[in-house]
>>> print(open('structure.cif').read())   # mmCIF, C-alpha atoms
data_start
#
loop_
_atom_site.label_atom_id
_atom_site.label_comp_id
_atom_site.auth_asym_id
_atom_site.auth_seq_id
_atom_site.Cartn_x
_atom_site.Cartn_y
_atom_site.Cartn_z
CA MET D 1 -0.75 -25.86 4.54
CA THR D 2 -3.81 -27.69 3.30
CA GLY D 3 -7.32 -26.57 2.42
CA GLY D 4 -10.53 -27.60 4.04
CA ASP D 5 -12.07 -29.62 1.22
CA ALA D 6 -11.34 -31.64 -1.89
CA ARG D 7 -11.93 -28.74 -4.28
CA GLY D 8 -8.76 -27.07 -3.06
CA PHE D 9 -7.89 -23.39 -2.93
CA ARG D 10 -6.15 -20.67 -4.88
CA LEU D 11 -3.07 -18.85 -3.64
CA SER D 12 -2.75 -15.15 -4.48
CA ALA D 13 -0.39 -13.37 -2.05
CA VAL D 14 1.75 -13.62 1.08
CA ASP D 15 3.73 -11.34 3.41
CA PHE D 16 7.16 -12.75 4.17
CA GLY D 17 10.49 -11.87 5.70
CA PHE D 18 13.79 -13.39 6.71
CA ILE D 19 14.56 -14.01 10.38
CA SER D 20 18.22 -13.42 10.92
CA PRO D 21 19.67 -15.88 13.45
CA LEU D 22 21.85 -13.10 14.83
CA ALA D 23 21.02 -9.44 15.28
CA GLY D 24 23.38 -6.84 13.90
CA GLN D 25 24.13 -8.39 10.54
CA PRO D 26 25.41 -5.93 7.93
CA ALA D 27 22.87 -3.65 6.28
CA GLY D 28 22.17 -4.32 2.64
CA LEU D 29 22.84 -8.04 2.93
CA LEU D 30 20.54 -10.16 0.79
CA PRO D 31 19.94 -13.23 2.97
CA GLY D 32 18.17 -15.68 0.67
CA LYS D 33 14.78 -16.67 -0.69
CA LEU D 34 11.42 -17.92 0.42
CA THR D 35 10.45 -21.01 -1.56
CA ILE D 36 6.87 -22.03 -2.23
CA THR D 37 5.80 -25.40 -3.60
CA ALA D 38 2.12 -25.91 -4.32
CA GLU D 39 0.54 -29.25 -5.24
CA LYS D 40 -2.23 -28.99 -7.79
CA ILE D 41 -5.56 -30.70 -7.44
CA GLY D 42 -5.38 -33.54 -9.92
CA GLY D 43 -1.59 -33.73 -9.97
CA GLY D 44 1.46 -31.63 -10.75
CA SER D 45 3.04 -28.85 -8.78
CA VAL D 46 4.14 -25.23 -9.09
CA TYR D 47 7.35 -23.90 -7.56
CA ALA D 48 8.31 -20.27 -6.95
CA GLU D 49 11.08 -18.37 -5.20
CA LEU D 50 10.75 -14.94 -3.62
CA GLU D 51 13.79 -12.85 -2.73
CA PHE D 52 13.91 -11.80 0.92
CA GLY D 53 14.34 -8.07 1.45
CA ALA D 54 17.83 -6.76 2.16
CA LEU D 55 18.67 -6.32 5.85
CA ASP D 56 18.22 -2.79 7.16
CA SER D 57 20.60 -0.84 9.41
CA SER D 58 19.49 -2.82 12.45
CA GLY D 59 20.07 -6.12 10.66
CA THR D 60 16.37 -6.80 10.28
CA SER D 61 14.74 -8.06 7.11
CA PRO D 62 11.57 -6.19 6.19
CA PHE D 63 8.29 -7.93 5.67
CA LEU D 64 7.43 -7.76 2.00
CA HIS D 65 4.08 -8.26 0.35
CA ALA D 66 4.24 -10.46 -2.72
CA SER D 67 1.49 -11.14 -5.21
CA LEU D 68 1.58 -14.76 -6.33
CA VAL D 69 -0.95 -14.47 -9.12
CA SER D 70 1.61 -14.58 -11.92
CA GLN D 71 3.28 -17.72 -10.54
CA PHE D 72 0.29 -19.65 -9.22
CA GLY D 73 -2.49 -18.28 -11.40
CA SER D 74 -6.01 -19.53 -10.96
CA ALA D 75 -5.20 -23.21 -10.49
CA ALA D 76 -6.65 -25.07 -7.51
CA TYR D 77 -4.15 -26.47 -5.03
CA SER D 78 -4.45 -29.14 -2.39
CA SER D 79 -1.41 -28.09 -0.35
CA VAL D 80 1.33 -25.46 -0.19
CA VAL D 81 4.75 -25.80 1.45
CA PHE D 82 6.61 -22.67 2.52
CA SER D 83 10.35 -23.10 3.04
CA SER D 84 13.49 -21.05 2.47
CA CYS D 85 17.13 -21.04 1.53
CA VAL D 86 20.08 -18.82 2.43
CA TYR D 87 22.90 -17.68 0.21
CA SER D 88 26.29 -19.26 0.64
CA GLY D 89 29.32 -19.58 -1.60
CA SER D 90 27.57 -22.30 -3.59
CA GLY D 91 24.25 -20.56 -4.17
CA CYS D 92 21.04 -20.65 -2.18
CA GLY D 93 20.91 -23.67 0.14
CA GLN D 94 19.33 -24.76 3.39
CA GLY D 95 21.94 -23.89 5.99
CA LEU D 96 22.20 -25.14 9.55
CA ASN D 97 19.35 -23.33 11.28
CA GLN D 98 20.09 -20.29 9.14
CA ALA D 99 17.23 -20.30 6.67
CA GLN D 100 14.59 -18.96 9.02
CA PHE D 101 11.61 -17.00 7.87
CA GLY D 102 8.31 -15.50 8.93
CA ILE D 103 5.06 -15.41 6.96
CA ASP D 104 1.74 -13.69 7.50
CA ASN D 105 -1.41 -12.55 5.70
CA ILE D 106 -1.61 -15.44 3.28
CA GLU D 107 -4.26 -14.56 0.71
CA VAL D 108 -6.22 -17.56 -0.46
CA ALA D 109 -9.57 -18.28 -2.05
CA ALA D 110 -11.53 -21.47 -1.70
CA VAL D 111 -12.60 -22.98 -4.99
CA PRO D 112 -16.37 -22.45 -5.05
CA GLU D 113 -18.94 -25.20 -5.04
CA PRO D 114 -20.88 -25.76 -8.28
CA GLN D 115 -23.97 -24.28 -6.58
CA THR D 116 -22.09 -21.01 -6.22
CA TYR D 117 -21.54 -20.83 -9.96
CA ALA D 118 -25.24 -21.59 -10.46
CA MET D 119 -26.09 -18.71 -8.12
CA LEU D 120 -23.72 -16.44 -10.00
CA GLY D 121 -25.25 -17.47 -13.33
CA LEU D 122 -28.75 -16.85 -12.00
CA GLY D 123 -27.71 -13.39 -10.86
CA LEU D 124 -26.19 -12.54 -14.22
CA ALA D 125 -29.25 -13.87 -16.00
CA GLY D 126 -31.47 -11.70 -13.80
CA ILE D 127 -29.46 -8.60 -14.60
CA ALA D 128 -29.49 -9.41 -18.31
CA LEU D 129 -33.25 -9.96 -18.23
CA ALA D 130 -33.85 -6.66 -16.46
CA ALA D 131 -31.66 -4.82 -18.98
CA ARG D 132 -33.48 -6.48 -21.88
CA ARG D 133 -36.88 -5.54 -20.52
CA ARG D 134 -35.71 -2.01 -19.91
CA ARG D 135 -34.53 -1.73 -23.50
CA ALA D 136 -37.79 -3.21 -24.77
CA SER D 137 -39.87 -0.75 -22.73
CA HIS D 138 -37.84 2.17 -24.05
CA ASN D 139 -38.27 1.01 -27.63
CA ALA D 140 -42.04 0.50 -27.22
CA MET Y 1 -60.64 6.00 -15.93
CA TYR Y 2 -59.61 2.59 -14.69
CA LYS Y 3 -57.73 1.92 -17.87
CA SER Y 4 -56.01 5.26 -17.66
CA THR Y 5 -54.94 4.64 -14.04
CA GLN Y 6 -53.67 1.23 -14.98
CA LEU Y 7 -51.63 2.72 -17.78
CA GLN Y 8 -50.20 5.33 -15.49
CA GLN Y 9 -49.20 2.75 -12.87
CA ALA Y 10 -47.73 0.28 -15.29
CA PRO Y 11 -44.34 2.00 -15.84
CA ALA Y 12 -43.82 2.40 -12.08
CA ALA Y 13 -44.67 -1.23 -11.44
CA ARG Y 14 -42.35 -2.30 -14.25
CA ARG Y 15 -39.52 -0.19 -12.90
CA LEU Y 16 -40.04 -1.71 -9.45
CA LYS Y 17 -39.94 -5.19 -10.92
CA GLN Y 18 -36.81 -4.39 -12.90
CA LEU Y 19 -35.23 -2.92 -9.80
CA SER Y 20 -36.10 -6.05 -7.84
CA ILE Y 21 -34.53 -8.27 -10.46
CA SER Y 22 -31.44 -6.09 -10.57
CA VAL Y 23 -31.14 -6.10 -6.80
CA LEU Y 24 -31.50 -9.88 -6.72
CA GLY Y 25 -28.83 -10.19 -9.41
CA ALA Y 26 -26.50 -7.86 -7.58
CA MET Y 27 -27.04 -9.78 -4.34
CA ALA Y 28 -26.20 -13.02 -6.10
CA LEU Y 29 -23.00 -11.51 -7.48
CA ALA Y 30 -22.07 -10.00 -4.15
CA SER Y 31 -22.60 -13.25 -2.29
CA ALA Y 32 -20.52 -15.32 -4.69
CA ALA Y 33 -17.00 -13.98 -5.10
CA PRO Y 34 -16.14 -12.13 -1.85
CA ALA Y 35 -17.25 -15.01 0.33
CA MET Y 36 -14.57 -17.24 -1.16
CA ALA Y 37 -11.53 -14.99 -0.63
CA ASP Y 38 -9.77 -15.08 2.68
CA VAL Y 39 -6.66 -13.69 4.34
CA ILE Y 40 -4.96 -15.95 6.86
CA THR Y 41 -3.66 -13.61 9.55
CA PHE Y 42 -3.07 -16.07 12.42
CA ASP Y 43 -4.89 -13.63 14.67
CA GLY Y 44 -6.21 -15.26 17.81
CA GLN Y 45 -3.72 -18.11 17.58
CA LEU Y 46 -1.21 -16.88 20.13
CA PRO Y 47 -2.59 -18.21 23.42
CA ASP Y 48 -2.92 -21.80 22.28
CA PHE Y 49 -0.04 -22.31 19.89
CA PRO Y 50 3.00 -20.26 20.89
CA ILE Y 51 5.73 -22.79 20.11
CA LEU Y 52 5.70 -25.14 17.14
CA SER Y 53 7.59 -28.39 16.70
CA GLY Y 54 7.83 -30.69 13.73
CA GLY Y 55 4.61 -32.70 13.45
CA ASP Y 56 2.46 -30.05 15.11
CA SER Y 57 -0.56 -28.74 13.28
CA PHE Y 58 -3.08 -26.00 13.85
CA ASN Y 59 -5.99 -24.41 12.04
CA SER Y 60 -6.45 -20.85 10.93
CA ASN Y 61 -9.30 -19.48 8.83
CA GLY Y 62 -10.36 -23.00 7.89
CA TYR Y 63 -6.92 -24.05 6.65
CA THR Y 64 -4.66 -26.56 8.37
CA PHE Y 65 -0.99 -25.82 8.91
CA HIS Y 66 1.36 -28.74 9.36
CA VAL Y 67 4.73 -27.84 10.83
CA ILE Y 68 7.74 -29.43 9.13
CA ASP Y 69 10.92 -29.55 11.15
CA ASN Y 70 13.19 -30.63 8.37
CA PRO Y 71 12.38 -30.53 4.64
CA LEU Y 72 14.43 -33.67 4.05
CA SER Y 73 12.85 -35.54 6.96
CA VAL Y 74 9.25 -34.50 7.36
CA THR Y 75 8.82 -36.79 10.36
CA GLY Y 76 11.29 -34.77 12.47
CA THR Y 77 9.88 -33.50 15.76
CA GLY Y 78 12.40 -30.80 16.65
CA LEU Y 79 11.70 -27.18 17.46
CA ALA Y 80 10.61 -25.60 14.22
CA GLY Y 81 8.97 -22.24 14.84
CA ALA Y 82 6.52 -20.16 16.79
CA LEU Y 83 3.54 -17.91 16.48
CA LEU Y 84 4.84 -14.55 17.60
CA ASN Y 85 3.32 -11.25 18.52
CA GLY Y 86 5.20 -8.76 16.41
CA ASN Y 87 4.04 -5.93 18.68
CA ASP Y 88 6.25 -7.29 21.46
CA PRO Y 89 9.58 -5.42 21.10
CA PHE Y 90 11.45 -8.20 22.91
CA VAL Y 91 10.03 -11.14 20.99
CA CYS Y 92 13.25 -11.55 19.01
CA SER Y 93 15.88 -10.27 21.43
CA ASN Y 94 18.62 -12.52 20.13
CA ALA Y 95 17.55 -12.65 16.53
CA ALA Y 96 16.09 -10.22 14.06
CA CYS Y 97 12.45 -10.74 13.19
CA PRO Y 98 10.95 -9.18 10.10
CA SER Y 99 9.45 -5.77 10.60
CA GLY Y 100 6.90 -3.71 8.80
CA ILE Y 101 3.54 -5.39 9.28
CA THR Y 102 1.17 -5.92 12.15
CA PRO Y 103 1.37 -9.09 14.26
CA PRO Y 104 1.17 -11.93 14.72
CA THR Y 105 3.69 -13.61 12.47
CA MET Y 106 4.47 -17.25 12.04
CA PRO Y 107 8.18 -17.86 11.76
CA ALA Y 108 9.45 -21.29 10.97
CA SER Y 109 12.93 -22.59 10.54
CA THR Y 110 14.51 -25.16 8.33
CA THR Y 111 17.25 -27.28 9.81
CA VAL Y 112 18.74 -29.03 6.87
CA PRO Y 113 22.53 -29.14 6.49
CA SER Y 114 23.93 -27.17 3.59
CA ARG Y 115 23.91 -28.97 0.32
#
>>> encode(input="structure.cif", output="structure tokens")
Amino acid sequence: MTGGDARGFRLSAVDFGFISPLAGQPAGLLPGKLTITAEKIGGGSVYAELEFGALDSSGTSPFLHASLVSQFGSAAYSSVVFSSCVYSGSGCGQGLNQAQFGIDNIEVAAVPEPQTYAMLGLGLAGIALAARRRRASHNA
Amino acid sequence: MYKSTQLQQAPAARRLKQLSISVLGAMALASAAPAMADVITFDGQLPDFPILSGGDSFNSNGYTFHVIDNPLSVTGTGLAGALLNGNDPFVCSNAACPSGITPPTMPASTTVPSR
């Protein structure tokens, strides 16, 4: 996943779930993890793992909503890779067509243009000016 | 008389001016932050992009999604996923799709041998 411009984007949340390759798997089974690797604008990367929800009585993994703010913070990213791993005897690995997942409702925020900050500053300055004048008129 | 009227109108005019400045400031604040946040729902993607193979790409909410078939071989072109309508009860007849949110969802699979 890549953003639309060179300023990048922030990543704050995602809904995710495991897709079991076979229905009817035992309830309570923890299948594996969603892995997220994000490349920072300017270099470096951030990696995070999210535990898939345990399978329910029908063998289905629930969609979970995960906030990513603590892992990915307010840094700007150029790309994000979603992948997954499944548990085996040797830990969490990428099994043969087993590590399937679904994602939805990815919450992102484009890094604003400098003009946007200027607009924001102008707005704050306007509010501050109005408050100052109000105080001055009350004191007069 | 004129002076008195002017004095009486002055506070009202000042309040209006202050209100205008405040409104402008609030508008600037309101237009800045919310316009940047976005939630990528994949809504409206289903008719055009039902099945995804490695190397495919599509756009949603101004972001580009590149489909990777195999994390260890990003040039793979095999079947990798699909954009599914989670409201369809038969969409995952032989598998078990996640449940609990509204559709559509974007499943993808990894096909790397176990390490």
>>> atom_distance(input="structure.cif", atom1="atom CA of Leu34 of chain D", atom2="atom CA of Val81 of chain D")
10.4 Å
>>> resolve_selection(input="structure.cif", expression="the PyMOL selection byres ((chain Y and resi 60-71) around 8)", output="VMD selection string")
(chain D and resid 1 to 4 83) or (chain Y and resid 38 to 42 45 52 to 59 72 to 80 109 to 112)
>>> write_last_selection(input="structure.cif", atoms="C-alpha atoms", output="PDB file, in the frame of the given file")
ATOM      1  CA  MET D   1      -0.750 -25.860   4.540  1.00  0.00           C
ATOM      2  CA  THR D   2      -3.810 -27.690   3.300  1.00  0.00           C
ATOM      3  CA  GLY D   3      -7.320 -26.570   2.420  1.00  0.00           C
ATOM      4  CA  GLY D   4     -10.530 -27.600   4.040  1.00  0.00           C
ATOM      5  CA  SER D  83      10.350 -23.100   3.040  1.00  0.00           C
TER       6      SER D  83
ATOM      7  CA  ASP Y  38      -9.770 -15.080   2.680  1.00  0.00           C
ATOM      8  CA  VAL Y  39      -6.660 -13.690   4.340  1.00  0.00           C
ATOM      9  CA  ILE Y  40      -4.960 -15.950   6.860  1.00  0.00           C
ATOM     10  CA  THR Y  41      -3.660 -13.610   9.550  1.00  0.00           C
ATOM     11  CA  PHE Y  42      -3.070 -16.070  12.420  1.00  0.00           C
ATOM     12  CA  GLN Y  45      -3.720 -18.110  17.580  1.00  0.00           C
ATOM     13  CA  LEU Y  52       5.700 -25.140  17.140  1.00  0.00           C
ATOM     14  CA  SER Y  53       7.590 -28.390  16.700  1.00  0.00           C
ATOM     15  CA  GLY Y  54       7.830 -30.690  13.730  1.00  0.00           C
ATOM     16  CA  GLY Y  55       4.610 -32.700  13.450  1.00  0.00           C
ATOM     17  CA  ASP Y  56       2.460 -30.050  15.110  1.00  0.00           C
ATOM     18  CA  SER Y  57      -0.560 -28.740  13.280  1.00  0.00           C
ATOM     19  CA  PHE Y  58      -3.080 -26.000  13.850  1.00  0.00           C
ATOM     20  CA  ASN Y  59      -5.990 -24.410  12.040  1.00  0.00           C
ATOM     21  CA  LEU Y  72      14.430 -33.670   4.050  1.00  0.00           C
ATOM     22  CA  SER Y  73      12.850 -35.540   6.960  1.00  0.00           C
ATOM     23  CA  VAL Y  74       9.250 -34.500   7.360  1.00  0.00           C
ATOM     24  CA  THR Y  75       8.820 -36.790  10.360  1.00  0.00           C
ATOM     25  CA  GLY Y  76      11.290 -34.770  12.470  1.00  0.00           C
ATOM     26  CA  THR Y  77       9.880 -33.500  15.760  1.00  0.00           C
ATOM     27  CA  GLY Y  78      12.400 -30.800  16.650  1.00  0.00           C
ATOM     28  CA  LEU Y  79      11.700 -27.180  17.460  1.00  0.00           C
ATOM     29  CA  ALA Y  80      10.610 -25.600  14.220  1.00  0.00           C
ATOM     30  CA  SER Y 109      12.930 -22.590  10.540  1.00  0.00           C
ATOM     31  CA  THR Y 110      14.510 -25.160   8.330  1.00  0.00           C
ATOM     32  CA  THR Y 111      17.250 -27.280   9.810  1.00  0.00           C
ATOM     33  CA  VAL Y 112      18.740 -29.030   6.870  1.00  0.00           C
TER      34      VAL Y 112
END
>>> resolve_selection(input="structure.cif", expression="the PyMOL selection byres ((chain D) within 8 of (chain Y))", output="count of residues only")
54
>>> atom_distance(input="structure.cif", atom1="atom CA of Gly28 of chain D", atom2="atom CA of Asp56 of chain D")
6.2 Å
>>> closest_residue(input="structure.cif", among="D:Val80, D:Ile41, D:Cys85, D:Leu129", to="Val14 of chain D", atoms="only C-alpha atoms")
D:Val80
>>> atom_distance(input="structure.cif", atom1="atom CA of Lys33 of chain D", atom2="atom CA of Leu55 of chain D")
12.8 Å
>>> closest_residue(input="structure.cif", among="D:Ser90, D:Leu29, D:Ser78, D:Ala128", to="Gly53 of chain D", atoms="all atoms listed in the file")
D:Leu29
>>> residues_around(input="structure.cif", residues="segment 70-77 of chain D", least_positions_apart="6", cutoff="6 Å", atoms="only C-alpha atoms", output="PyMOL selection string")
chain D and resi 8-10+39-41
>>> build_atoms(input="structure.cif", residues="segment 35-62 of chain D", atoms="N, CA and C atoms", output="PDB file, in the coordinates of the input")
ATOM      1  N   THR D  35      10.853 -20.093  -0.487  1.00  0.00           N
ATOM      2  CA  THR D  35      10.450 -21.010  -1.560  1.00  0.00           C
ATOM      3  C   THR D  35       9.027 -21.497  -1.297  1.00  0.00           C
ATOM      4  N   ILE D  36       8.265 -21.605  -2.347  1.00  0.00           N
ATOM      5  CA  ILE D  36       6.870 -22.030  -2.230  1.00  0.00           C
ATOM      6  C   ILE D  36       6.620 -23.149  -3.235  1.00  0.00           C
ATOM      7  N   THR D  37       6.152 -24.264  -2.740  1.00  0.00           N
ATOM      8  CA  THR D  37       5.800 -25.400  -3.600  1.00  0.00           C
ATOM      9  C   THR D  37       4.329 -25.724  -3.381  1.00  0.00           C
ATOM     10  N   ALA D  38       3.553 -25.655  -4.437  1.00  0.00           N
ATOM     11  CA  ALA D  38       2.120 -25.910  -4.320  1.00  0.00           C
ATOM     12  C   ALA D  38       1.741 -27.125  -5.168  1.00  0.00           C
ATOM     13  N   GLU D  39       1.014 -28.045  -4.553  1.00  0.00           N
ATOM     14  CA  GLU D  39       0.540 -29.250  -5.240  1.00  0.00           C
ATOM     15  C   GLU D  39      -0.838 -28.984  -5.832  1.00  0.00           C
ATOM     16  N   LYS D  40      -0.952 -29.224  -7.128  1.00  0.00           N
ATOM     17  CA  LYS D  40      -2.230 -28.990  -7.790  1.00  0.00           C
ATOM     18  C   LYS D  40      -3.234 -30.095  -7.502  1.00  0.00           C
ATOM     19  N   ILE D  41      -4.484 -29.697  -7.462  1.00  0.00           N
ATOM     20  CA  ILE D  41      -5.560 -30.700  -7.440  1.00  0.00           C
ATOM     21  C   ILE D  41      -5.503 -31.452  -8.769  1.00  0.00           C
ATOM     22  N   GLY D  42      -5.436 -32.749  -8.694  1.00  0.00           N
ATOM     23  CA  GLY D  42      -5.380 -33.540  -9.920  1.00  0.00           C
ATOM     24  C   GLY D  42      -3.969 -33.857 -10.383  1.00  0.00           C
ATOM     25  N   GLY D  43      -2.968 -33.372  -9.639  1.00  0.00           N
ATOM     26  CA  GLY D  43      -1.590 -33.730  -9.970  1.00  0.00           C
ATOM     27  C   GLY D  43      -0.773 -32.568 -10.497  1.00  0.00           C
ATOM     28  N   GLY D  44       0.546 -32.692 -10.325  1.00  0.00           N
ATOM     29  CA  GLY D  44       1.460 -31.630 -10.750  1.00  0.00           C
ATOM     30  C   GLY D  44       1.694 -30.627  -9.644  1.00  0.00           C
ATOM     31  N   SER D  45       2.725 -29.836  -9.811  1.00  0.00           N
ATOM     32  CA  SER D  45       3.040 -28.850  -8.780  1.00  0.00           C
ATOM     33  C   SER D  45       3.610 -27.587  -9.427  1.00  0.00           C
ATOM     34  N   VAL D  46       3.574 -26.515  -8.658  1.00  0.00           N
ATOM     35  CA  VAL D  46       4.140 -25.230  -9.090  1.00  0.00           C
ATOM     36  C   VAL D  46       5.131 -24.794  -8.023  1.00  0.00           C
ATOM     37  N   TYR D  47       6.292 -24.316  -8.484  1.00  0.00           N
ATOM     38  CA  TYR D  47       7.350 -23.900  -7.560  1.00  0.00           C
ATOM     39  C   TYR D  47       7.708 -22.441  -7.835  1.00  0.00           C
ATOM     40  N   ALA D  48       7.916 -21.670  -6.772  1.00  0.00           N
ATOM     41  CA  ALA D  48       8.310 -20.270  -6.950  1.00  0.00           C
ATOM     42  C   ALA D  48       9.280 -19.868  -5.846  1.00  0.00           C
ATOM     43  N   GLU D  49      10.140 -18.910  -6.174  1.00  0.00           N
ATOM     44  CA  GLU D  49      11.080 -18.370  -5.200  1.00  0.00           C
ATOM     45  C   GLU D  49      10.865 -16.869  -5.095  1.00  0.00           C
ATOM     46  N   LEU D  50      10.900 -16.367  -3.859  1.00  0.00           N
ATOM     47  CA  LEU D  50      10.750 -14.940  -3.620  1.00  0.00           C
ATOM     48  C   LEU D  50      11.972 -14.438  -2.860  1.00  0.00           C
ATOM     49  N   GLU D  51      12.582 -13.392  -3.362  1.00  0.00           N
ATOM     50  CA  GLU D  51      13.790 -12.850  -2.730  1.00  0.00           C
ATOM     51  C   GLU D  51      13.423 -12.139  -1.425  1.00  0.00           C
ATOM     52  N   PHE D  52      14.097 -12.536  -0.327  1.00  0.00           N
ATOM     53  CA  PHE D  52      13.910 -11.800   0.920  1.00  0.00           C
ATOM     54  C   PHE D  52      14.440 -10.383   0.752  1.00  0.00           C
ATOM     55  N   GLY D  53      13.851  -9.438   1.495  1.00  0.00           N
ATOM     56  CA  GLY D  53      14.340  -8.070   1.450  1.00  0.00           C
ATOM     57  C   GLY D  53      15.710  -7.951   2.093  1.00  0.00           C
ATOM     58  N   ALA D  54      16.494  -6.995   1.597  1.00  0.00           N
ATOM     59  CA  ALA D  54      17.830  -6.760   2.160  1.00  0.00           C
ATOM     60  C   ALA D  54      17.702  -6.310   3.620  1.00  0.00           C
ATOM     61  N   LEU D  55      18.681  -6.712   4.442  1.00  0.00           N
ATOM     62  CA  LEU D  55      18.670  -6.320   5.850  1.00  0.00           C
ATOM     63  C   LEU D  55      18.815  -4.809   5.970  1.00  0.00           C
ATOM     64  N   ASP D  56      18.108  -4.234   6.951  1.00  0.00           N
ATOM     65  CA  ASP D  56      18.220  -2.790   7.160  1.00  0.00           C
ATOM     66  C   ASP D  56      19.376  -2.491   8.123  1.00  0.00           C
ATOM     67  N   SER D  57      19.461  -1.244   8.570  1.00  0.00           N
ATOM     68  CA  SER D  57      20.600  -0.840   9.410  1.00  0.00           C
ATOM     69  C   SER D  57      20.642  -1.554  10.750  1.00  0.00           C
ATOM     70  N   SER D  58      19.511  -2.069  11.199  1.00  0.00           N
ATOM     71  CA  SER D  58      19.490  -2.820  12.450  1.00  0.00           C
ATOM     72  C   SER D  58      19.644  -4.325  12.209  1.00  0.00           C
ATOM     73  N   GLY D  59      19.879  -4.714  10.976  1.00  0.00           N
ATOM     74  CA  GLY D  59      20.070  -6.120  10.660  1.00  0.00           C
ATOM     75  C   GLY D  59      18.769  -6.892  10.522  1.00  0.00           C
ATOM     76  N   THR D  60      17.680  -6.163  10.378  1.00  0.00           N
ATOM     77  CA  THR D  60      16.370  -6.800  10.280  1.00  0.00           C
ATOM     78  C   THR D  60      15.894  -6.817   8.836  1.00  0.00           C
ATOM     79  N   SER D  61      15.319  -7.942   8.451  1.00  0.00           N
ATOM     80  CA  SER D  61      14.740  -8.060   7.110  1.00  0.00           C
ATOM     81  C   SER D  61      13.315  -7.528   7.148  1.00  0.00           C
ATOM     82  N   PRO D  62      12.936  -6.711   6.188  1.00  0.00           N
ATOM     83  CA  PRO D  62      11.570  -6.190   6.190  1.00  0.00           C
ATOM     84  C   PRO D  62      10.570  -7.241   5.719  1.00  0.00           C
TER      85      PRO D  62
END
